Structure formats: structure tokens, C-alpha cells
>>> print(open('upload-v3.txt').read())   # compact mmCIF, C-alpha atoms
# COMPACT_ATOMS: atom_id res chain seq x y z
CA TYR U 1 -49.57 -42.78 121.10
CA PRO U 2 -48.38 -41.62 124.55
CA THR U 3 -44.78 -41.55 123.34
CA TRP U 4 -43.83 -38.59 125.53
CA LEU U 5 -44.57 -40.70 128.62
CA ALA U 6 -43.38 -43.99 127.11
CA GLN U 7 -39.89 -42.54 126.66
CA PRO U 8 -39.17 -41.80 130.34
CA ALA U 9 -41.03 -45.00 131.28
CA ALA U 10 -38.46 -46.89 129.21
CA MET U 11 -35.72 -45.31 131.34
CA VAL U 12 -37.18 -46.37 134.71
CA PRO U 13 -37.01 -50.06 135.70
CA ASP U 14 -40.31 -51.57 136.88
CA SER U 15 -42.31 -48.61 135.64
CA ARG U 16 -45.89 -48.84 134.38
CA LEU U 17 -47.52 -46.74 131.66
CA LEU U 18 -51.28 -46.19 131.73
CA ASP U 19 -53.02 -44.65 128.72
CA CYS U 20 -56.50 -44.65 130.19
CA PRO U 21 -58.85 -43.19 127.53
CA PRO U 22 -58.16 -45.55 124.60
CA HIS U 23 -57.81 -48.56 126.88
CA ARG U 24 -61.07 -47.73 128.72
CA ILE U 25 -59.25 -47.84 132.06
CA THR U 26 -61.60 -46.53 134.71
CA ARG U 27 -60.70 -43.92 137.28
CA GLU U 28 -60.94 -46.57 140.00
CA GLU U 29 -58.53 -48.88 138.19
CA CYS U 30 -56.14 -45.99 137.59
CA LEU U 31 -56.16 -45.14 141.30
CA ARG U 32 -55.63 -48.78 142.24
CA VAL U 33 -52.53 -49.03 140.02
CA ALA U 34 -51.20 -45.69 141.29
CA GLU U 35 -51.29 -46.99 144.87
CA GLU U 36 -48.56 -49.48 143.94
CA PHE U 37 -46.01 -46.76 143.11
CA GLU U 38 -44.01 -44.20 145.08
CA ASN U 39 -43.87 -41.84 142.09
CA VAL U 40 -46.71 -40.97 139.73
CA ILE U 41 -46.21 -38.74 136.68
CA LEU U 42 -49.14 -37.35 134.71
CA HIS U 43 -48.86 -35.90 131.22
CA THR U 44 -51.24 -32.95 131.16
CA SER U 45 -52.41 -30.29 128.74
CA THR U 46 -54.45 -27.13 129.08
CA PRO U 47 -57.83 -28.79 128.30
CA SER U 48 -57.19 -31.73 130.65
CA LEU U 49 -55.50 -29.92 133.55
CA GLU U 50 -58.59 -29.59 135.74
CA ASN U 51 -59.44 -33.28 135.44
CA ASP U 52 -55.80 -34.32 135.91
CA CYS U 53 -55.67 -32.28 139.13
CA ARG U 54 -58.71 -34.17 140.44
CA VAL U 55 -56.98 -37.46 139.64
CA ALA U 56 -53.82 -36.30 141.44
CA GLU U 57 -55.87 -35.29 144.47
CA ALA U 58 -57.58 -38.70 144.52
CA ILE U 59 -54.18 -40.42 144.37
CA LYS U 60 -52.94 -38.34 147.32
CA ALA U 61 -56.11 -39.09 149.28
CA ARG U 62 -55.39 -42.81 149.01
CA ARG U 63 -51.62 -42.62 149.51
CA PRO U 64 -50.52 -39.22 150.85
CA GLU U 65 -46.80 -40.00 150.58
CA THR U 66 -46.99 -40.53 146.80
CA LEU U 67 -44.80 -38.01 144.96
CA ILE U 68 -46.77 -36.60 142.02
CA GLY U 69 -45.29 -34.78 139.04
CA PHE U 70 -46.93 -33.16 136.02
CA VAL U 71 -45.25 -32.93 132.60
CA GLY U 72 -46.33 -31.78 129.16
CA PRO U 73 -46.75 -28.52 127.24
CA HIS U 74 -48.88 -26.77 129.86
CA PRO U 75 -46.39 -27.25 132.74
CA ALA U 76 -43.53 -26.36 130.39
CA VAL U 77 -45.04 -22.95 129.65
CA LEU U 78 -46.75 -22.31 133.01
CA PRO U 79 -44.83 -24.24 135.70
CA GLU U 80 -45.85 -22.02 138.62
CA ALA U 81 -49.49 -21.80 137.56
CA THR U 82 -49.56 -25.58 137.16
CA LEU U 83 -48.25 -26.11 140.70
CA GLU U 84 -50.76 -23.59 142.01
CA ALA U 85 -53.60 -25.47 140.31
CA SER U 86 -53.53 -28.15 143.01
CA ARG U 87 -51.69 -28.83 146.26
CA ALA U 88 -51.53 -32.46 145.19
CA ILE U 89 -48.86 -31.62 142.58
CA ASP U 90 -45.39 -31.86 144.11
CA TRP U 91 -43.32 -30.96 141.05
CA VAL U 92 -43.51 -30.20 137.35
CA GLY U 93 -41.02 -30.99 134.60
CA ARG U 94 -40.21 -28.14 132.26
CA ASN U 95 -39.35 -28.54 128.59
CA GLU U 96 -37.62 -31.84 127.69
CA PHE U 97 -38.38 -33.89 130.79
CA ASP U 98 -37.08 -37.45 130.11
CA PHE U 99 -34.04 -37.31 132.38
CA THR U 100 -35.92 -35.14 134.86
CA CYS U 101 -38.42 -37.99 135.37
CA LYS U 102 -35.60 -40.53 135.55
CA GLU U 103 -33.78 -38.63 138.30
CA VAL U 104 -36.98 -38.19 140.32
CA ALA U 105 -37.65 -41.94 140.09
CA GLU U 106 -34.08 -42.65 141.22
CA GLY U 107 -34.68 -40.63 144.37
CA LYS U 108 -32.47 -37.65 143.63
CA PRO U 109 -33.47 -34.70 145.87
CA LEU U 110 -35.84 -32.37 144.04
CA PRO U 111 -33.71 -29.23 144.66
CA GLU U 112 -30.85 -30.89 142.75
CA ILE U 113 -32.77 -31.83 139.58
CA LYS U 114 -32.42 -29.52 136.60
CA GLY U 115 -35.49 -28.58 134.60
CA LEU U 116 -37.81 -29.08 137.56
CA SER U 117 -40.06 -26.73 139.54
CA PHE U 118 -41.33 -27.92 142.92
CA ARG U 119 -43.28 -27.02 146.02
CA GLN U 120 -41.27 -26.52 149.21
CA ALA U 121 -42.53 -27.80 152.58
CA ASP U 122 -43.76 -24.28 153.45
CA GLY U 123 -45.79 -24.13 150.24
CA SER U 124 -43.45 -21.80 148.34
CA ILE U 125 -42.45 -22.69 144.77
CA THR U 126 -38.86 -23.05 143.58
CA HIS U 127 -37.72 -23.16 139.94
CA ASN U 128 -34.46 -25.07 139.48
CA PRO U 129 -32.06 -24.17 136.63
CA ASP U 130 -33.09 -25.27 133.14
CA ARG U 131 -32.04 -28.67 131.84
CA GLU U 132 -30.01 -28.73 128.66
CA LEU U 133 -31.71 -30.23 125.61
CA ILE U 134 -30.58 -33.79 124.90
CA ALA U 135 -27.68 -33.71 122.42
CA ASP U 136 -27.16 -37.47 122.01
CA MET U 137 -30.59 -38.74 121.02
CA ASP U 138 -29.22 -42.31 120.72
CA ALA U 139 -28.91 -42.22 124.53
CA LEU U 140 -32.70 -42.56 124.77
CA PRO U 141 -33.85 -46.19 124.92
CA SER U 142 -36.39 -47.55 122.48
CA VAL U 143 -40.06 -47.29 123.44
CA ALA U 144 -40.76 -50.67 121.81
CA ASP U 145 -40.68 -52.68 125.02
CA VAL U 146 -42.98 -50.24 126.83
CA TYR U 147 -45.42 -50.33 123.91
CA ARG U 148 -45.47 -54.12 123.99
CA ARG U 149 -45.73 -54.34 127.79
CA ASP U 150 -48.32 -51.65 128.50
CA LEU U 151 -50.27 -50.79 125.33
CA ASP U 152 -52.74 -52.48 123.02
CA ILE U 153 -51.64 -51.07 119.66
CA SER U 154 -54.95 -51.96 118.03
CA ARG U 155 -56.57 -49.12 120.01
CA TYR U 156 -54.72 -46.34 118.17
CA TYR U 157 -56.16 -44.89 114.96
CA ILE U 158 -55.27 -42.06 112.59
CA GLY U 159 -57.36 -41.63 109.46
CA TYR U 160 -54.39 -41.21 107.11
CA LEU U 161 -52.47 -44.28 108.35
CA GLN U 162 -53.11 -47.96 107.82
CA HIS U 163 -54.35 -49.84 110.87
CA PRO U 164 -52.71 -50.96 113.04
CA TYR U 165 -49.86 -48.49 112.99
CA ILE U 166 -47.03 -47.50 115.35
CA SER U 167 -45.83 -43.96 116.03
CA ILE U 168 -42.25 -43.20 117.08
CA TYR U 169 -39.94 -40.20 117.15
CA THR U 170 -36.60 -40.32 115.34
CA GLY U 171 -35.70 -36.77 116.35
CA ARG U 172 -36.94 -33.71 118.19
CA GLY U 173 -37.07 -30.02 117.53
CA CYS U 174 -37.63 -27.97 114.41
CA PRO U 175 -35.47 -25.23 112.86
CA ALA U 176 -38.54 -23.32 111.63
CA GLN U 177 -39.94 -20.42 113.64
CA CYS U 178 -43.66 -20.99 113.03
CA SER U 179 -45.61 -19.28 115.80
CA PHE U 180 -48.61 -21.63 115.64
CA CYS U 181 -46.82 -24.92 116.33
CA LEU U 182 -46.93 -26.36 119.85
CA TRP U 183 -43.92 -28.62 120.31
CA PRO U 184 -40.84 -26.51 119.37
CA GLN U 185 -42.12 -23.70 121.61
CA THR U 186 -42.81 -25.92 124.61
CA ILE U 187 -40.72 -29.11 124.58
CA GLY U 188 -38.40 -29.80 121.65
CA GLY U 189 -36.79 -26.46 120.88
CA HIS U 190 -35.75 -25.04 117.51
CA ARG U 191 -32.73 -27.25 116.84
CA TYR U 192 -33.51 -30.54 115.11
CA ARG U 193 -31.69 -33.23 117.09
CA VAL U 194 -31.80 -36.73 115.65
CA ARG U 195 -31.17 -40.36 116.40
CA SER U 196 -28.65 -41.96 114.06
CA ALA U 197 -29.97 -43.70 110.97
CA ALA U 198 -28.61 -47.02 112.25
CA ASN U 199 -30.47 -46.55 115.56
CA VAL U 200 -33.78 -45.85 113.80
CA ILE U 201 -33.41 -48.77 111.39
CA GLU U 202 -32.63 -51.15 114.26
CA GLU U 203 -35.69 -49.98 116.23
CA VAL U 204 -37.99 -50.57 113.26
CA ARG U 205 -36.38 -53.97 112.68
CA ARG U 206 -37.08 -54.94 116.31
CA MET U 207 -40.63 -53.64 116.17
CA LYS U 208 -41.39 -55.58 113.00
CA GLY U 209 -40.53 -58.72 114.95
CA MET U 210 -42.46 -57.66 118.04
CA PHE U 211 -45.57 -56.40 116.22
CA PRO U 212 -46.03 -58.54 113.09
CA ASP U 213 -49.55 -57.16 112.45
CA VAL U 214 -48.41 -53.53 112.09
CA LYS U 215 -49.06 -52.16 108.60
CA GLU U 216 -47.43 -48.74 108.88
CA TYR U 217 -44.71 -47.00 110.90
CA PHE U 218 -45.19 -43.29 111.48
CA PHE U 219 -42.20 -41.03 112.23
CA ASP U 220 -43.81 -38.25 114.28
CA ASP U 221 -40.85 -35.85 114.11
CA ASP U 222 -41.59 -32.14 113.76
CA THR U 223 -39.67 -32.02 110.47
CA PHE U 224 -38.26 -35.41 109.44
CA THR U 225 -36.84 -34.06 106.17
CA ALA U 226 -34.94 -31.19 107.81
CA ASN U 227 -31.93 -33.51 107.53
CA LEU U 228 -32.29 -34.87 103.99
CA PRO U 229 -29.11 -37.00 103.82
CA ARG U 230 -30.17 -38.81 107.00
CA ALA U 231 -33.75 -39.22 105.74
CA ARG U 232 -32.41 -40.83 102.55
CA GLN U 233 -30.13 -43.09 104.61
CA ILE U 234 -33.06 -44.27 106.75
CA ALA U 235 -35.23 -44.83 103.68
CA SER U 236 -32.47 -46.84 102.02
CA GLY U 237 -31.90 -48.89 105.17
CA LEU U 238 -35.58 -49.70 105.56
>>> encode(input="upload-v3.txt", output="C-alpha cells")
Amino acid sequence: YPTWLAQPAAMVPDSRLLDCPPHRITREECLRVAEEFENVILHTSTPSLENDCRVAEAIKARRPETLIGFVGPHPAVLPEATLEASRAIDWVGRNEFDFTCKEVAEGKPLPEIKGLSFRQADGSITHNPDRELIADMDALPSVADVYRRDLDISRYYIGYLQHPYISIYTGRGCPAQCSFCLWPQTIGGHRYRVRSAANVIEEVRRMKGMFPDVKEYFFDDDTFTANLPRARQIASGL
């Protein structure tokens, strides 16, 4: 599930989320949709960066004034190198980028947005101060409405989950210091920050009404049981 993009999409009125590979959305259709928006944000990774740069360049070719941002683990670790990968990239969001995306969409000047690196008019690159990690996770809206509006949930499969399933995050970050794990090092940090049990239970309740065919709900947290009292409270509430 493209939850990392669905979350900021839920914070921006009249947004649109495209998850092209599972939905078999062609490059041409993607470019057509992108033409309708002033801001386009691509979630990229190291293996997909080259292709994502070509997509960004095609978007700019059709609508040069489009503001294009890249987010994801690769830009978080290598913001300057990501911007240098293509002149079509105007900015990148570092680390936890939800409110960074929201402020860009609201038209806040790029030099004033924390957690953002951007290209100046003369081509030079500026790194703004870091954005603080989100402390109140309940401040993030549910992704349920974005899932229902923009995704076909039947297109998502994981071999160890019943089909169809839904994936959501109830918290971010992990207190462990494992060197091999991607997300704490790049996005979520090493402090496990959680949504309240009541918030999680209410989201699942809503989703059960919105997606009656779903057979399993997957909490994709780095370490859901790092807070055992809360995990028991959620289990009891469900």
C-alpha cells in the first residue's frame, strides 16, 4: 500500500493519489492526470530514481510551471544528490515529510518550510532546517478516505495475509538500533510514537464499514508491541 503518500494526500484537499504499477496506469495516463495539478509529489527509492526522474521531466515538458517534489528514503538520506539527479526536481522532503508536503501544497514559500531541500533560481541547492518528528500522531488524518477514493484494494497482495487486506500504520519509529532496517534510519526515527488506542480502534471501525470485503487488517508499524499496554488495549477494543 502507498501509505506514505496516502497520509499527506489525506491532509491536502482535492488531492489525487496515483499508484500506477498495481493499477496498470500507463505513463501517458499518469502524465495526463499530473497536468491537472500545480504540485506533483513522487515517492521514490534508489532502484526507481532513474525512472522517476524521467517521469518528472515528462511532467515538466508538458507543464513547465508544475512544482515537483520527491519524497521517500532515498531523498531523506541523499537530498542533494536527489536534486542533482534531475533539473525537473524542484524540492525534496527529508525524513518525516507529511507536513512538509502539506505546507508546499498550501503555497508556503519553499525557503520557509522545515525539512525541505530545494533548488534556487540560480541552480544552487539550499537545505532548510530539519523538521521535528510528529509528537501527536492523532493529528494525522485517517488514510481510509484516500484508500476508498483512489485505490482498488483488491490489487494489493501479501502472501501471509488473507485477501483482500488493508495496511495501515498505528505508529512510527522503533527504539531498536538494528543497522539493517530501512525506516528508522531514514523516515521514522528511533522513538516509537503512536496513535492512541481509541484513534486506531475508530479507524478500523470506519474501515470495516467502508470495505466490507476486507478479511484482514495489517498494522505495518516497525514494532507494534514496543508499547505492550497499548497493544493489549487495541486488541481488547477490536
>>> residues_around(input="upload-v3.txt", residues="Cys30 of chain U", least_positions_apart="2", cutoff="10 Å", atoms="all atoms listed in the file", output="ChimeraX atom specification")
/U:18-20,25-28,32-35,55,59
>>> residues_around(input="upload-v3.txt", residues="segment 157-169 of chain U", least_positions_apart="2", cutoff="6 Å", atoms="all atoms listed in the file", output="PyMOL selection string")
chain U and resi 154+171+214-221
>>> atom_distance(input="upload-v3.txt", atom1="atom CA of Ile89 of chain U", atom2="atom CA of Leu17 of chain U")
18.7 Å
>>> atom_distance(input="upload-v3.txt", atom1="atom CA of Phe118 of chain U", atom2="atom CA of Val146 of chain U")
27.6 Å
>>> atom_distance(input="upload-v3.txt", atom1="atom CA of Glu50 of chain U", atom2="atom CA of Pro21 of chain U")
15.9 Å
>>> closest_residue(input="upload-v3.txt", among="U:Arg16, U:Arg172, U:Lys60, U:His43", to="Gln185 of chain U", atoms="only C-alpha atoms")
U:Arg172
>>> closest_atom_pairs(input="upload-v3.txt", of="segment 55-172 of chain U", to="segment 192-198 of chain U", cutoff="8 Å", atoms="only C-alpha atoms", output="tab-separated table")
residue	atom	partner	partner_atom	distance
U:Ile134	CA	U:Arg193	CA	7.9
U:Ala135	CA	U:Arg193	CA	6.7
U:Asp136	CA	U:Arg195	CA	7.5
U:Met137	CA	U:Arg195	CA	4.9
U:Asp138	CA	U:Arg195	CA	5.1
U:Thr170	CA	U:Arg195	CA	5.5
U:Gly171	CA	U:Val194	CA	4.0
U:Arg172	CA	U:Arg193	CA	5.4
>>> closest_residue(input="upload-v3.txt", among="U:Thr225, U:Ile187, U:Ile68, U:Arg155", to="Gly115 of chain U", atoms="all atoms listed in the file")
U:Ile187
>>> closest_residue(input="upload-v3.txt", among="U:Gly189, U:Pro141, U:Gly123, U:Gly93", to="Met11 of chain U", atoms="all atoms listed in the file")
U:Pro141
>>> residues_around(input="upload-v3.txt", residues="Val143 of chain U", least_positions_apart="3", cutoff="10 Å", atoms="only C-alpha atoms", output="PDB file with C-alpha atoms, keeping the file's coordinate frame")
ATOM      1  CA  THR U   3     -44.780 -41.550 123.340  1.00  0.00           C
ATOM      2  CA  TRP U   4     -43.830 -38.590 125.530  1.00  0.00           C
ATOM      3  CA  LEU U   5     -44.570 -40.700 128.620  1.00  0.00           C
ATOM      4  CA  ALA U   6     -43.380 -43.990 127.110  1.00  0.00           C
ATOM      5  CA  GLN U   7     -39.890 -42.540 126.660  1.00  0.00           C
ATOM      6  CA  PRO U   8     -39.170 -41.800 130.340  1.00  0.00           C
ATOM      7  CA  ALA U   9     -41.030 -45.000 131.280  1.00  0.00           C
ATOM      8  CA  ALA U  10     -38.460 -46.890 129.210  1.00  0.00           C
ATOM      9  CA  MET U  11     -35.720 -45.310 131.340  1.00  0.00           C
ATOM     10  CA  LEU U 140     -32.700 -42.560 124.770  1.00  0.00           C
ATOM     11  CA  VAL U 146     -42.980 -50.240 126.830  1.00  0.00           C
ATOM     12  CA  TYR U 147     -45.420 -50.330 123.910  1.00  0.00           C
ATOM     13  CA  ARG U 148     -45.470 -54.120 123.990  1.00  0.00           C
ATOM     14  CA  SER U 167     -45.830 -43.960 116.030  1.00  0.00           C
ATOM     15  CA  ILE U 168     -42.250 -43.200 117.080  1.00  0.00           C
ATOM     16  CA  TYR U 169     -39.940 -40.200 117.150  1.00  0.00           C
ATOM     17  CA  GLU U 203     -35.690 -49.980 116.230  1.00  0.00           C
ATOM     18  CA  MET U 207     -40.630 -53.640 116.170  1.00  0.00           C
TER      19      MET U 207
END
>>> closest_residue(input="upload-v3.txt", among="U:Ile153, U:Ala61, U:Ala176, U:Ala76", to="Asp222 of chain U", atoms="all atoms listed in the file")
U:Ala176
>>> closest_residue(input="upload-v3.txt", among="U:Leu110, U:Ile41, U:Val71, U:Val12", to="Thr186 of chain U", atoms="all atoms listed in the file")
U:Val71
>>> closest_residue(input="upload-v3.txt", among="U:Ile201, U:Leu133, U:Leu151, U:Leu42", to="His74 of chain U", atoms="only C-alpha atoms")
U:Leu42
>>> residues_around(input="upload-v3.txt", residues="Thr126 of chain U", least_positions_apart="3", cutoff="10 Å", atoms="all atoms listed in the file", output="ChimeraX atom specification")
/U:79-80,91,110-111,116-120,123,129
>>> build_atoms(input="upload-v3.txt", residues="segment 160-181 of chain U", atoms="N, CA, C and O atoms", output="CSV table (one decimal), in the frame of the given file")
chain,number,residue,atom,x,y,z
U,160,TYR,N,-55.3,-41.2,108.3
U,160,TYR,CA,-54.4,-41.2,107.1
U,160,TYR,C,-53.3,-42.3,107.2
U,160,TYR,O,-52.4,-42.4,106.4
U,161,LEU,N,-53.4,-43.2,108.2
U,161,LEU,CA,-52.5,-44.3,108.4
U,161,LEU,C,-53.2,-45.6,108.3
U,161,LEU,O,-54.3,-45.7,108.8
U,162,GLN,N,-52.5,-46.6,107.8
U,162,GLN,CA,-53.1,-48.0,107.8
U,162,GLN,C,-53.2,-48.5,109.3
U,162,GLN,O,-52.4,-48.1,110.1
U,163,HIS,N,-54.1,-49.3,109.5
U,163,HIS,CA,-54.4,-49.8,110.9
U,163,HIS,C,-54.0,-51.3,110.9
U,163,HIS,O,-54.4,-52.1,110.0
U,164,PRO,N,-53.3,-51.8,112.0
U,164,PRO,CA,-52.7,-51.0,113.0
U,164,PRO,C,-51.4,-50.3,112.6
U,164,PRO,O,-50.7,-50.8,111.8
U,165,TYR,N,-51.1,-49.2,113.3
U,165,TYR,CA,-49.9,-48.5,113.0
U,165,TYR,C,-49.1,-48.3,114.3
U,165,TYR,O,-49.6,-48.5,115.4
U,166,ILE,N,-47.8,-47.9,114.2
U,166,ILE,CA,-47.0,-47.5,115.4
U,166,ILE,C,-46.4,-46.1,115.1
U,166,ILE,O,-45.9,-45.9,114.0
U,167,SER,N,-46.4,-45.3,116.1
U,167,SER,CA,-45.8,-44.0,116.0
U,167,SER,C,-44.6,-43.9,116.9
U,167,SER,O,-44.6,-44.3,118.1
U,168,ILE,N,-43.5,-43.4,116.3
U,168,ILE,CA,-42.2,-43.2,117.1
U,168,ILE,C,-41.6,-41.9,116.7
U,168,ILE,O,-42.0,-41.3,115.6
U,169,TYR,N,-40.7,-41.4,117.5
U,169,TYR,CA,-39.9,-40.2,117.2
U,169,TYR,C,-38.5,-40.6,116.8
U,169,TYR,O,-37.9,-41.4,117.5
U,170,THR,N,-38.0,-40.1,115.7
U,170,THR,CA,-36.6,-40.3,115.3
U,170,THR,C,-35.8,-39.1,115.6
U,170,THR,O,-34.5,-39.1,115.5
U,171,GLY,N,-36.4,-38.0,116.0
U,171,GLY,CA,-35.7,-36.8,116.4
U,171,GLY,C,-36.7,-35.8,117.0
U,171,GLY,O,-37.9,-36.0,117.0
U,172,ARG,N,-36.1,-34.7,117.5
U,172,ARG,CA,-36.9,-33.7,118.2
U,172,ARG,C,-36.5,-32.3,117.8
U,172,ARG,O,-35.3,-32.1,117.5
U,173,GLY,N,-37.4,-31.4,117.8
U,173,GLY,CA,-37.1,-30.0,117.5
U,173,GLY,C,-37.3,-29.7,116.1
U,173,GLY,O,-37.4,-30.6,115.2
U,174,CYS,N,-37.4,-28.4,115.8
U,174,CYS,CA,-37.6,-28.0,114.4
U,174,CYS,C,-36.9,-26.6,114.2
U,174,CYS,O,-37.1,-25.7,115.0
U,175,PRO,N,-36.2,-26.5,113.1
U,175,PRO,CA,-35.5,-25.2,112.9
U,175,PRO,C,-36.4,-24.1,112.4
U,175,PRO,O,-36.0,-22.9,112.5
U,176,ALA,N,-37.6,-24.4,112.0
U,176,ALA,CA,-38.5,-23.3,111.6
U,176,ALA,C,-39.0,-22.5,112.8
U,176,ALA,O,-38.9,-22.9,114.0
U,177,GLN,N,-39.5,-21.3,112.6
U,177,GLN,CA,-39.9,-20.4,113.6
U,177,GLN,C,-41.4,-20.2,113.6
U,177,GLN,O,-41.9,-19.1,114.0
U,178,CYS,N,-42.2,-21.1,113.1
U,178,CYS,CA,-43.7,-21.0,113.0
U,178,CYS,C,-44.3,-20.7,114.4
U,178,CYS,O,-44.0,-21.4,115.4
U,179,SER,N,-45.1,-19.7,114.5
U,179,SER,CA,-45.6,-19.3,115.8
U,179,SER,C,-46.8,-20.1,116.2
U,179,SER,O,-47.1,-20.2,117.4
U,180,PHE,N,-47.4,-20.9,115.3
U,180,PHE,CA,-48.6,-21.6,115.6
U,180,PHE,C,-48.3,-23.0,116.1
U,180,PHE,O,-49.2,-23.7,116.6
U,181,CYS,N,-47.1,-23.5,116.0
U,181,CYS,CA,-46.8,-24.9,116.3
U,181,CYS,C,-46.5,-25.1,117.8
U,181,CYS,O,-45.7,-24.3,118.4
